[in-house]
Amino acid sequence: MRPDPVEIFKAQRPRLLRLGYRMLGSRAEAEDAVQEAWLRWQSINHDEIAEPAAWLTRTVTRLCLDHMKSARARREIYPGTWLPEPLLEEDDDLREDNLTLTLMMALERLSPLERAAFLLHDVFGHPLNEVAETIGRAPAATRQLASRARAHVRLDRPRYTVHKEAAEELTKAFFDACRSGEASRLAVLLAEDAVLYSDGGGKVFSFPNAIRGSDRLIRLFQSLSRKYSAQMEYLAPATIDGLPGFISRIDGPPQTTTLEIVEGTDRGDLHHA
């Protein structure tokens, strides 16, 4: 009995959605790519497809590569720093590959082809010759793309893992220190090379450029405390893209904050979205 094309697609959809999100950094855009792949899947002769999973992977990857051309153009005029869409714990269907927000940001610095080669080969485990066919490059060139991407991404791998209970205590302590504006409490929690990235999507206030160094961050949080301490509300701890964080509000819509932690302290990559 010939497999049902609808059931084949349904079985592949979660993996395709993860691939689309890792390529594009947006769940909505990933869903659009997978939906377009579904429409194309419906219109073909399935008897001619020897490997449905490979066909669907190629289709979604190429749709994402096409989309990234226009997406990158849009991000050149984006208001401030663009961060990948944060995924909370309930989005585990997109997080089986264990890539964190820090690594997603590292992927943003890759070319579209490097990103595709790295994700397909290193993260999703596809053979190199299959990856080469998918992205339309020779195997040798594809190997070089994946190798370059691997070198960049390796530099950004998280260096410390914190148990959930300890992470929640640390993120709450960080929020309380920010709300109080006490320099001594902030200094204990921030690494000297701390970096803050924020993304308001052009809808809420954010800082257009990364803010680097614990001294500058302490002054920033002191200023925010003087202006907004009474409006700062801690809503809940959260695991966001595999990293500890929390959901809070400052007299407006909820926002997420993610912390990268090293040796029991905040490492320095703070992500606000």
# chains A, B, ... in the order shown; residues from 1 in each chain; ligands from 1
call {"tool": "select_by_dssp", "arguments": {"residues": "stretch 2-250 of chain A", "states": "alpha helix (DSSP H)", "output": "ChimeraX atom specification"}}
result
/A:5-24,27-42,52-75,101-108,112-118,128-135,139-154,164-180,183-189,214-228
call {"tool": "residues_around", "arguments": {"residues": "A:Leu128", "least_positions_apart": "6", "cutoff": "9 Å", "atoms": "only C-alpha atoms", "output": "PyMOL selection string"}}
result
chain A and resi 117+120-121+139+142-143
call {"tool": "residues_around", "arguments": {"residues": "A:Leu56", "least_positions_apart": "5", "cutoff": "10 Å", "atoms": "only C-alpha atoms", "output": "CSV table (one decimal) with N, CA and C atoms, in the first residue's frame"}}
result
chain,number,residue,atom,x,y,z
A,8,ILE,N,2.6,11.5,5.3
A,8,ILE,CA,4.1,11.7,5.2
A,8,ILE,C,4.4,13.2,5.6
A,9,PHE,N,3.6,14.1,5.0
A,9,PHE,CA,3.9,15.5,5.3
A,9,PHE,C,3.7,15.8,6.8
A,12,GLN,N,6.6,14.8,8.8
A,12,GLN,CA,7.8,15.6,8.6
A,12,GLN,C,7.7,17.0,9.1
A,13,ARG,N,6.4,17.5,9.3
A,13,ARG,CA,6.2,18.9,9.6
A,13,ARG,C,7.0,19.4,10.8
A,16,LEU,N,10.5,20.0,9.7
A,16,LEU,CA,10.6,21.1,8.8
A,16,LEU,C,10.4,22.5,9.5
A,34,VAL,N,6.9,26.5,5.6
A,34,VAL,CA,6.4,25.1,5.6
A,34,VAL,C,5.0,25.0,4.9
A,37,ALA,N,5.7,24.9,1.3
A,37,ALA,CA,6.2,23.6,0.9
A,37,ALA,C,5.0,22.6,0.9
A,38,TRP,N,4.0,22.7,1.7
A,38,TRP,CA,2.8,21.9,1.7
A,38,TRP,C,2.0,22.1,0.4
A,40,ARG,N,3.2,23.0,-2.4
A,40,ARG,CA,4.0,22.4,-3.5
A,40,ARG,C,3.9,20.9,-3.4
A,41,TRP,N,3.9,20.4,-2.2
A,41,TRP,CA,3.8,18.9,-2.0
A,41,TRP,C,2.5,18.4,-2.6
A,51,GLU,N,12.5,9.9,-2.2
A,51,GLU,CA,12.8,10.2,-0.8
A,51,GLU,C,12.0,11.4,-0.4
A,61,THR,N,14.3,24.4,2.7
A,61,THR,CA,15.6,25.1,2.7
A,61,THR,C,15.7,26.1,1.6
A,62,ARG,N,15.3,25.8,0.4
A,62,ARG,CA,15.4,26.7,-0.7
A,62,ARG,C,14.4,27.9,-0.5
call {"tool": "atom_distance", "arguments": {"atom1": "atom CA of A:Leu94", "atom2": "atom CA of A:Arg22"}}
result
8.7 Å
call {"tool": "residues_around", "arguments": {"residues": "stretch 182-188 of chain A", "least_positions_apart": "3", "cutoff": "12 Å", "atoms": "only C-alpha atoms", "output": "PyMOL selection string"}}
result
chain A and resi 170-171+173-179+191-194+213-226+229+264-268
call {"tool": "select_by_dssp", "arguments": {"residues": "stretch 80-212 of chain A", "states": "strand (DSSP E)", "output": "ChimeraX atom specification"}}
result
/A:195-198,211-212
call {"tool": "closest_residue", "arguments": {"among": "A:Thr81, A:Ser43, A:Asn129, A:Ser26", "to": "A:Pro208", "atoms": "only C-alpha atoms"}}
result
A:Thr81
call {"tool": "atom_distance", "arguments": {"atom1": "atom CA of A:Ile135", "atom2": "atom CA of A:Leu19"}}
result
13.9 Å
call {"tool": "closest_residue", "arguments": {"among": "A:Arg154, A:Arg249, A:His163, A:Lys10", "to": "A:Met104", "atoms": "only C-alpha atoms"}}
result
A:Arg154
call {"tool": "closest_residue", "arguments": {"among": "A:Pro5, A:Lys164, A:Ala146, A:Cys64", "to": "A:Asp47", "atoms": "only C-alpha atoms"}}
result
A:Pro5
call {"tool": "closest_residue", "arguments": {"among": "A:Gly20, A:Gly242, A:Pro237, A:Gly200", "to": "A:Arg115", "atoms": "only C-alpha atoms"}}
result
A:Gly20
call {"tool": "atom_distance", "arguments": {"atom1": "atom CA of A:Phe124", "atom2": "atom CA of A:Leu107"}}
result
14.7 Å
call {"tool": "closest_residue", "arguments": {"among": "A:Asn45, A:Thr59, A:Thr239, A:Gln255", "to": "A:Ser206", "atoms": "only C-alpha atoms"}}
result
A:Gln255
call {"tool": "closest_residue", "arguments": {"among": "A:Ala238, A:Leu259, A:Val123, A:Ala138", "to": "A:Glu165", "atoms": "only C-alpha atoms"}}
result
A:Ala238
call {"tool": "decode", "arguments": {"residues": "stretch 133-256 of chain A", "atoms": "C-alpha atoms", "output": "CSV table (one decimal), in the first residue's frame"}}
result
chain,number,residue,atom,x,y,z
A,133,GLU,CA,22.4,19.0,-3.7
A,134,THR,CA,20.0,21.0,-1.4
A,135,ILE,CA,21.9,24.3,-1.6
A,136,GLY,CA,23.1,23.8,-5.2
A,137,ARG,CA,26.8,23.7,-4.5
A,138,ALA,CA,29.6,21.2,-5.1
A,139,PRO,CA,30.4,18.8,-2.2
A,140,ALA,CA,33.8,20.4,-1.7
A,141,ALA,CA,32.3,23.9,-1.6
A,142,THR,CA,29.6,22.7,0.8
A,143,ARG,CA,32.2,21.2,3.1
A,144,GLN,CA,34.0,24.5,3.2
A,145,LEU,CA,30.8,26.4,3.9
A,146,ALA,CA,30.0,24.1,6.9
A,147,SER,CA,33.6,24.3,8.2
A,148,ARG,CA,33.6,28.1,8.1
A,149,ALA,CA,30.2,28.2,9.9
A,150,ARG,CA,31.4,25.7,12.5
A,151,ALA,CA,34.4,27.8,13.3
A,152,HIS,CA,32.2,30.9,13.9
A,153,VAL,CA,29.6,29.1,15.9
A,154,ARG,CA,32.0,27.2,18.1
A,155,LEU,CA,33.3,30.5,19.5
A,156,ASP,CA,29.8,31.3,20.8
A,157,ARG,CA,28.8,28.1,22.5
A,158,PRO,CA,27.6,28.7,26.1
A,159,ARG,CA,30.3,27.9,28.6
A,160,TYR,CA,28.3,27.1,31.7
A,161,THR,CA,25.1,25.2,32.5
A,162,VAL,CA,23.0,26.2,35.5
A,163,HIS,CA,20.3,24.0,37.1
A,164,LYS,CA,16.8,25.3,36.8
A,165,GLU,CA,16.3,26.2,40.5
A,166,ALA,CA,19.6,28.1,40.7
A,167,ALA,CA,18.9,29.8,37.4
A,168,GLU,CA,15.6,31.1,38.7
A,169,GLU,CA,17.2,32.4,41.8
A,170,LEU,CA,19.9,34.1,39.8
A,171,THR,CA,17.5,35.7,37.3
A,172,LYS,CA,15.3,37.0,40.1
A,173,ALA,CA,18.3,38.4,41.9
A,174,PHE,CA,19.3,40.1,38.7
A,175,PHE,CA,15.9,41.7,38.2
A,176,ASP,CA,15.8,42.9,41.8
A,177,ALA,CA,19.3,44.4,41.4
A,178,CYS,CA,18.1,46.2,38.3
A,179,ARG,CA,15.0,47.5,40.0
A,180,SER,CA,17.0,48.7,43.0
A,181,GLY,CA,19.7,50.3,41.0
A,182,GLU,CA,22.3,49.4,43.7
A,183,ALA,CA,25.7,49.4,42.0
A,184,SER,CA,27.2,46.8,44.5
A,185,ARG,CA,24.4,44.2,43.7
A,186,LEU,CA,24.8,44.7,40.0
A,187,ALA,CA,28.5,44.5,40.1
A,188,VAL,CA,28.4,41.1,41.8
A,189,LEU,CA,26.1,39.8,39.0
A,190,LEU,CA,27.7,41.3,35.9
A,191,ALA,CA,30.9,40.2,34.2
A,192,GLU,CA,33.3,42.9,33.3
A,193,ASP,CA,32.7,42.2,29.6
A,194,ALA,CA,28.9,42.1,29.9
A,195,VAL,CA,27.0,43.0,26.8
A,196,LEU,CA,23.3,44.0,26.5
A,197,TYR,CA,21.3,43.5,23.3
A,198,SER,CA,17.8,44.7,23.1
A,199,ASP,CA,15.1,44.5,20.4
A,200,GLY,CA,11.8,46.3,20.6
A,201,GLY,CA,10.7,45.6,17.1
A,202,GLY,CA,10.0,49.3,16.5
A,203,LYS,CA,7.0,49.0,18.8
A,204,VAL,CA,8.5,49.6,22.3
A,205,PHE,CA,11.6,51.4,23.5
A,206,SER,CA,14.9,49.6,23.0
A,207,PHE,CA,18.6,50.5,22.7
A,208,PRO,CA,19.6,50.7,19.0
A,209,ASN,CA,23.2,49.4,19.6
A,210,ALA,CA,24.7,46.8,21.9
A,211,ILE,CA,25.9,48.3,25.3
A,212,ARG,CA,29.2,46.8,26.4
A,213,GLY,CA,31.0,46.7,29.7
A,214,SER,CA,29.7,46.3,33.3
A,215,ASP,CA,30.4,49.9,34.2
A,216,ARG,CA,28.2,51.2,31.4
A,217,LEU,CA,25.5,48.7,32.2
A,218,ILE,CA,25.5,49.6,35.9
A,219,ARG,CA,25.0,53.3,35.0
A,220,LEU,CA,22.2,52.3,32.6
A,221,PHE,CA,20.3,50.2,35.1
A,222,GLN,CA,20.7,52.9,37.8
A,223,SER,CA,19.1,55.4,35.4
A,224,LEU,CA,16.3,53.0,34.6
A,225,SER,CA,15.7,52.4,38.3
A,226,ARG,CA,15.4,56.1,39.0
A,227,LYS,CA,12.8,56.5,36.3
A,228,TYR,CA,10.9,53.3,36.3
A,229,SER,CA,11.5,51.4,39.6
A,230,ALA,CA,7.9,51.6,40.7
A,231,GLN,CA,6.6,50.3,37.3
A,232,MET,CA,9.1,47.4,37.0
A,233,GLU,CA,7.2,44.1,37.6
A,234,TYR,CA,8.7,40.6,37.6
A,235,LEU,CA,6.1,38.3,36.1
A,236,ALA,CA,7.7,34.8,35.9
A,237,PRO,CA,11.0,33.0,35.5
A,238,ALA,CA,11.4,31.4,32.1
A,239,THR,CA,13.7,29.2,30.0
A,240,ILE,CA,14.1,31.1,26.8
A,241,ASP,CA,15.8,29.4,23.8
A,242,GLY,CA,17.5,27.1,26.3
A,243,LEU,CA,18.9,29.9,28.5
A,244,PRO,CA,17.7,31.2,31.9
A,245,GLY,CA,15.6,34.3,31.8
A,246,PHE,CA,12.4,35.9,33.0
A,247,ILE,CA,9.3,37.7,31.8
A,248,SER,CA,8.8,41.2,33.1
A,249,ARG,CA,7.0,44.4,32.4
A,250,ILE,CA,7.8,48.1,32.7
A,251,ASP,CA,4.5,49.9,32.4
A,252,GLY,CA,3.7,48.3,29.1
A,253,PRO,CA,3.5,44.9,27.3
A,254,PRO,CA,5.5,41.9,28.7
A,255,GLN,CA,9.1,41.5,27.6
A,256,THR,CA,11.6,38.7,27.9
